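Data file: input_6.pdb. Format and content: PDB, C-alpha atoms, pLDDT in the B column.
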ATOM      1  CA  MET A 199       4.520  12.071  -9.342  1.00 73.00           C
ATOM      2  CA  GLY A 200       2.006   9.282  -9.005  1.00 76.00           C
ATOM      3  CA  GLN A 201       1.510   5.672  -9.875  1.00 81.00           C
ATOM      4  CA  GLU A 202      -0.908   2.794  -9.447  1.00 77.00           C
ATOM      5  CA  PHE A 203      -0.081   0.157  -6.824  1.00 79.00           C
ATOM      6  CA  VAL A 204      -1.613  -3.155  -5.876  1.00 82.00           C
ATOM      7  CA  ILE A 205      -3.078  -2.709  -2.378  1.00 76.00           C
ATOM      8  CA  GLY A 206      -0.674  -4.098   0.220  1.00 74.00           C
ATOM      9  CA  GLY A 207       1.445  -1.187   1.342  1.00 60.00           C
ATOM     10  CA  TYR A 208       1.142   1.312   4.148  1.00 60.00           C
ATOM     11  CA  VAL A 209      -0.106   4.820   3.367  1.00 64.00           C
ATOM     12  CA  ARG A 210      -1.662   7.244   5.849  1.00 65.00           C
ATOM     13  CA  ALA A 211      -1.751  10.613   4.082  1.00 67.00           C
ATOM     14  CA  GLY A 212      -4.909  11.262   2.091  1.00 72.00           C
ATOM     15  CA  PHE A 213      -6.601   8.476   4.002  1.00 75.00           C
ATOM     16  CA  VAL A 214      -9.071  10.535   6.016  1.00 81.00           C
ATOM     17  CA  PRO A 215     -11.673   8.619   8.085  1.00 84.00           C
ATOM     18  CA  ARG A 216     -14.443   8.859   5.462  1.00 87.00           C
ATOM     19  CA  ILE A 217     -12.155   7.579   2.688  1.00 86.00           C
ATOM     20  CA  ARG A 218     -10.753   4.864   4.974  1.00 83.00           C
ATOM     21  CA  CYS A 219     -14.299   3.566   5.611  1.00 87.00           C
ATOM     22  CA  GLU A 220     -15.187   3.643   1.913  1.00 89.00           C
ATOM     23  CA  VAL A 221     -12.024   1.768   0.932  1.00 87.00           C
ATOM     24  CA  PHE A 222     -12.493  -0.790   3.698  1.00 87.00           C
ATOM     25  CA  GLU A 223     -16.024  -1.512   2.455  1.00 90.00           C
ATOM     26  CA  GLU A 224     -14.629  -2.065  -1.049  1.00 88.00           C
ATOM     27  CA  ILE A 225     -11.871  -4.474  -0.024  1.00 88.00           C
ATOM     28  CA  ARG A 226     -13.012  -6.176   3.191  1.00 88.00           C
ATOM     29  CA  TYR A 227     -14.163  -9.302   1.343  1.00 92.00           C
ATOM     30  CA  LEU A 228     -10.501  -9.780   0.302  1.00 91.00           C
ATOM     31  CA  ARG A 229      -9.254 -10.109   3.895  1.00 91.00           C
ATOM     32  CA  ILE A 230      -6.714 -12.896   4.529  1.00 90.00           C
ATOM     33  CA  ALA A 231      -4.754 -14.016   7.580  1.00 88.00           C
ATOM     34  CA  LYS A 232      -1.167 -13.732   6.302  1.00 87.00           C
ATOM     35  CA  CYS A 233       0.904 -11.239   4.326  1.00 85.00           C
ATOM     36  CA  PRO A 234       0.723 -12.090   0.600  1.00 85.00           C
ATOM     37  CA  PHE A 235       4.086 -10.475  -0.234  1.00 81.00           C
ATOM     38  CA  VAL A 236       7.385 -12.369  -0.204  1.00 80.00           C
ATOM     39  CA  ASN A 237       9.538  -9.261   0.343  1.00 76.00           C
ATOM     40  CA  LEU A 238       8.133  -8.531   3.824  1.00 75.00           C
ATOM     41  CA  PRO A 239       8.923  -7.975   6.606  1.00 70.00           C
ATOM     42  CA  GLU A 240      11.799  -5.571   6.169  1.00 73.00           C
ATOM     43  CA  THR A 241      14.657  -5.700   8.654  1.00 70.00           C
ATOM     44  CA  GLU A 242      14.459  -2.013   9.646  1.00 70.00           C
ATOM     45  CA  PRO A 243      11.528   0.422   9.869  1.00 65.00           C
ATOM     46  CA  GLY A 244      13.481   3.091   7.957  1.00 65.00           C
ATOM     47  CA  ARG A 245      14.480   6.610   8.917  1.00 63.00           C
ATOM     48  CA  TRP A 246      10.926   7.978   9.010  1.00 56.00           C
ATOM     49  CA  GLY A 247       9.146   4.688   9.638  1.00 57.00           C
ATOM     50  CA  GLN A 248       8.347   3.959   6.004  1.00 62.00           C
ATOM     51  CA  GLY A 249       9.711   0.391   6.118  1.00 68.00           C
ATOM     52  CA  LEU A 250       7.285  -2.342   7.146  1.00 74.00           C
ATOM     53  CA  ALA A 251       9.195  -4.266   9.796  1.00 73.00           C
ATOM     54  CA  ALA A 252       7.838  -7.352  11.597  1.00 77.00           C
ATOM     55  CA  GLU A 253       6.656  -5.336  14.615  1.00 77.00           C
ATOM     56  CA  LYS A 254       4.469  -3.053  12.480  1.00 78.00           C
ATOM     57  CA  MET A 255       3.184  -5.999  10.421  1.00 78.00           C
ATOM     58  CA  ARG A 256       1.453  -7.405  13.516  1.00 81.00           C
ATOM     59  CA  GLU A 257      -0.907  -4.402  13.382  1.00 80.00           C
ATOM     60  CA  CYS A 258      -1.743  -4.822   9.692  1.00 82.00           C
ATOM     61  CA  ILE A 259      -4.892  -6.196   8.134  1.00 84.00           C
ATOM     62  CA  TRP A 260      -3.961  -8.121   4.995  1.00 87.00           C
ATOM     63  CA  VAL A 261      -5.988  -8.446   1.825  1.00 89.00           C
ATOM     64  CA  LYS A 262      -5.543 -10.485  -1.332  1.00 90.00           C
ATOM     65  CA  PRO A 263      -3.528  -8.385  -3.802  1.00 89.00           C
ATOM     66  CA  GLU A 264      -6.476  -7.897  -6.178  1.00 91.00           C
ATOM     67  CA  THR A 265      -7.218  -4.172  -5.836  1.00 90.00           C
ATOM     68  CA  VAL A 266      -5.340  -1.223  -7.315  1.00 92.00           C
ATOM     69  CA  ALA A 267      -4.943   2.226  -5.776  1.00 90.00           C
ATOM     70  CA  ARG A 268      -3.574   5.470  -7.165  1.00 90.00           C
ATOM     71  CA  ILE A 269      -0.820   6.835  -4.878  1.00 88.00           C
ATOM     72  CA  ASP A 270       0.908  10.198  -5.300  1.00 89.00           C
ATOM     73  CA  PHE A 271       4.467  10.631  -4.046  1.00 87.00           C
ATOM     74  CA  LEU A 272       7.558  12.767  -4.543  1.00 86.00           C
ATOM     75  CA  GLU A 273      10.123  10.135  -5.529  1.00 86.00           C
ATOM     76  CA  TRP A 274      11.313   6.584  -4.975  1.00 84.00           C
ATOM     77  CA  THR A 275      14.046   6.241  -2.358  1.00 81.00           C
ATOM     78  CA  GLY A 276      17.120   4.082  -2.958  1.00 79.00           C
ATOM     79  CA  ALA A 277      15.413   1.393  -0.845  1.00 75.00           C
ATOM     80  CA  ASP A 278      12.264   1.530  -3.046  1.00 78.00           C
ATOM     81  CA  HIS A 279      10.163   3.344  -0.451  1.00 77.00           C
ATOM     82  CA  LEU A 280       7.787   6.224  -1.091  1.00 79.00           C
ATOM     83  CA  PRO A 281       8.325   9.079   1.349  1.00 76.00           C
ATOM     84  CA  ASP A 282       5.364  11.440   1.598  1.00 79.00           C
ATOM     85  CA  ALA A 283       3.054   8.996  -0.203  1.00 82.00           C
ATOM     86  CA  ARG A 284      -0.612  10.025  -0.378  1.00 85.00           C
ATOM     87  CA  PHE A 285      -3.640   7.883  -1.216  1.00 84.00           C
ATOM     88  CA  VAL A 286      -5.661   9.320  -4.120  1.00 89.00           C
ATOM     89  CA  ALA A 287      -8.276   6.743  -5.137  1.00 89.00           C
ATOM     90  CA  LEU A 288      -9.051   3.113  -5.861  1.00 90.00           C
ATOM     91  CA  ARG A 289      -8.775   2.158  -9.538  1.00 92.00           C
ATOM     92  CA  ASP A 290     -11.267  -0.478 -10.660  1.00 90.00           C
ATOM     93  CA  ASP A 291     -10.255   0.037 -14.292  1.00 92.00           C
ATOM     94  CA  LYS A 292      -6.740  -1.421 -13.785  1.00 91.00           C
ATOM     95  CA  ASP A 293      -5.711  -5.086 -13.772  1.00 91.00           C
ATOM     96  CA  PRO A 294      -3.575  -5.765 -10.657  1.00 91.00           C
ATOM     97  CA  GLN A 295      -1.515  -8.336 -12.547  1.00 91.00           C
ATOM     98  CA  LYS A 296      -0.403  -5.691 -15.045  1.00 92.00           C
ATOM     99  CA  ILE A 297       0.805  -3.120 -12.498  1.00 90.00           C
ATOM    100  CA  VAL A 298       4.568  -2.572 -12.650  1.00 89.00           C
ATOM    101  CA  LYS A 299       6.930  -0.040 -11.144  1.00 85.00           C
ATOM    102  CA  GLU A 300       7.134   2.974 -13.425  1.00 81.00           C
ATOM    103  CA  SER A 301      10.528   4.595 -13.786  1.00 70.00           C
TER     104      SER A 301
END
Show me, as structure tokens, the structure contained in the file I just sent.
Amino acid sequence: MGQEFVIGGYVRAGFVPRIRCEVFEEIRYLRIAKCPFVNLPETEPGRWGQGLAAEKMRECIWVKPETVARIDFLEWTGADHLPDARFVALRDDKDPQKIVKES
């Protein structure tokens, strides 16, 4: 299963060093000082660390939510997390304001 997401989450799989550098070059001009999302931080990091708690947020680099990425995953958890999420590609053909959770 896969879906488009506005950049702002935490995904490591599929994010090999070469891809990480390419993506950073594409979005570095969007860097901001504070988290742009009202639903963060989460109170707990989650069973396998998929929640973004305050401690982990201190390590994050934030960007304006203006870029879309394709992410593959197995399923949504009950807490709306994506276990085993994997970065696929940036999507410059998608409007970030029109991205919604697919069911």
Report as a compact mmCIF listing (two decimals) with C-alpha atoms, in the coordinates of the input all protein, DNA and RNA residues lying within 8 Å of Phe271 (chain A), evaluated on all atoms listed in the file, omitting residues in the same chain fewer than 5 positions from it.
# COMPACT_ATOMS: atom_id res chain seq x y z
CA MET A 199 4.52 12.07 -9.34
CA GLY A 200 2.01 9.28 -9.01
CA LEU A 280 7.79 6.22 -1.09
CA PRO A 281 8.32 9.08 1.35
CA ASP A 282 5.36 11.44 1.60
CA ALA A 283 3.05 9.00 -0.20
CA ARG A 284 -0.61 10.02 -0.38
As a check of understanding, name the residues that the PyMOL selection byres ((chain A and resi 287) around 10) selects in the supplied structure, as a ChimeraX atom specification.
/A:202,212-213,217,221,266-270,284-286,288-290
Keeping only C-alpha atoms, take the residues you just selected and write them out as a PDB file, in the frame of the given file.
ATOM      1  CA  GLU A 202      -0.908   2.794  -9.447  1.00 77.00           C
ATOM      2  CA  GLY A 212      -4.909  11.262   2.091  1.00 72.00           C
ATOM      3  CA  PHE A 213      -6.601   8.476   4.002  1.00 75.00           C
ATOM      4  CA  ILE A 217     -12.155   7.579   2.688  1.00 86.00           C
ATOM      5  CA  VAL A 221     -12.024   1.768   0.932  1.00 87.00           C
ATOM      6  CA  VAL A 266      -5.340  -1.223  -7.315  1.00 92.00           C
ATOM      7  CA  ALA A 267      -4.943   2.226  -5.776  1.00 90.00           C
ATOM      8  CA  ARG A 268      -3.574   5.470  -7.165  1.00 90.00           C
ATOM      9  CA  ILE A 269      -0.820   6.835  -4.878  1.00 88.00           C
ATOM     10  CA  ASP A 270       0.908  10.198  -5.300  1.00 89.00           C
ATOM     11  CA  ARG A 284      -0.612  10.025  -0.378  1.00 85.00           C
ATOM     12  CA  PHE A 285      -3.640   7.883  -1.216  1.00 84.00           C
ATOM     13  CA  VAL A 286      -5.661   9.320  -4.120  1.00 89.00           C
ATOM     14  CA  LEU A 288      -9.051   3.113  -5.861  1.00 90.00           C
ATOM     15  CA  ARG A 289      -8.775   2.158  -9.538  1.00 92.00           C
ATOM     16  CA  ASP A 290     -11.267  -0.478 -10.660  1.00 90.00           C
TER      17      ASP A 290
END
Proximity to Leu250 (chain A) - best of A:Ala277, A:Val214, A:Cys219, A:Ala231, all atoms listed in the file:
A:Ala277
Once the PyMOL selection byres ((chain A and resi 237) around 12) has been applied to the shown file, what residues remain in the selection, as a PDB file with C-alpha atoms, in the frame of the given file?
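The resulting file, selection_17.pdb, is shown below:
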ATOM      1  CA  GLY A 206      -0.674  -4.098   0.220  1.00 74.00           C
ATOM      2  CA  GLY A 207       1.445  -1.187   1.342  1.00 60.00           C
ATOM      3  CA  CYS A 233       0.904 -11.239   4.326  1.00 85.00           C
ATOM      4  CA  PRO A 234       0.723 -12.090   0.600  1.00 85.00           C
ATOM      5  CA  PHE A 235       4.086 -10.475  -0.234  1.00 81.00           C
ATOM      6  CA  VAL A 236       7.385 -12.369  -0.204  1.00 80.00           C
ATOM      7  CA  LEU A 238       8.133  -8.531   3.824  1.00 75.00           C
ATOM      8  CA  PRO A 239       8.923  -7.975   6.606  1.00 70.00           C
ATOM      9  CA  GLU A 240      11.799  -5.571   6.169  1.00 73.00           C
ATOM     10  CA  THR A 241      14.657  -5.700   8.654  1.00 70.00           C
ATOM     11  CA  GLY A 249       9.711   0.391   6.118  1.00 68.00           C
ATOM     12  CA  LEU A 250       7.285  -2.342   7.146  1.00 74.00           C
ATOM     13  CA  ALA A 251       9.195  -4.266   9.796  1.00 73.00           C
ATOM     14  CA  ALA A 252       7.838  -7.352  11.597  1.00 77.00           C
ATOM     15  CA  ASP A 278      12.264   1.530  -3.046  1.00 78.00           C
TER      16      ASP A 278
END
Got a sec: who's within 8 Å of Val204 (chain A), counting only C-alpha atoms, leaving out chain neighbours fewer than 3 positions off, as JSON, numbers by chain?
{"A": [263, 264, 265, 266, 267, 294, 297]}
Which residues match the PyMOL selection byres ((chain A and resi 230) around 7) in the file above, as number ranges by chain?
A: 228-229, 231-232, 260-262
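The gap separating CA of Phe203 (chain A) from CA of Gln295 (chain A) is 10.3 Å, in Å to one decimal.
Relative to CA of Asp293 (chain A), CA of Glu220 (chain A) is found at 20.3 Å.
Interatomic distance, CA of Glu273 (chain A) to CA of Lys299 (chain A): 12.1 Å.
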Would you please work out which residue, of A:Glu242, A:Met255, A:Ile205, A:Lys292, is nearest to Glu224 (chain A) when using only C-alpha atoms?
A:Ile205
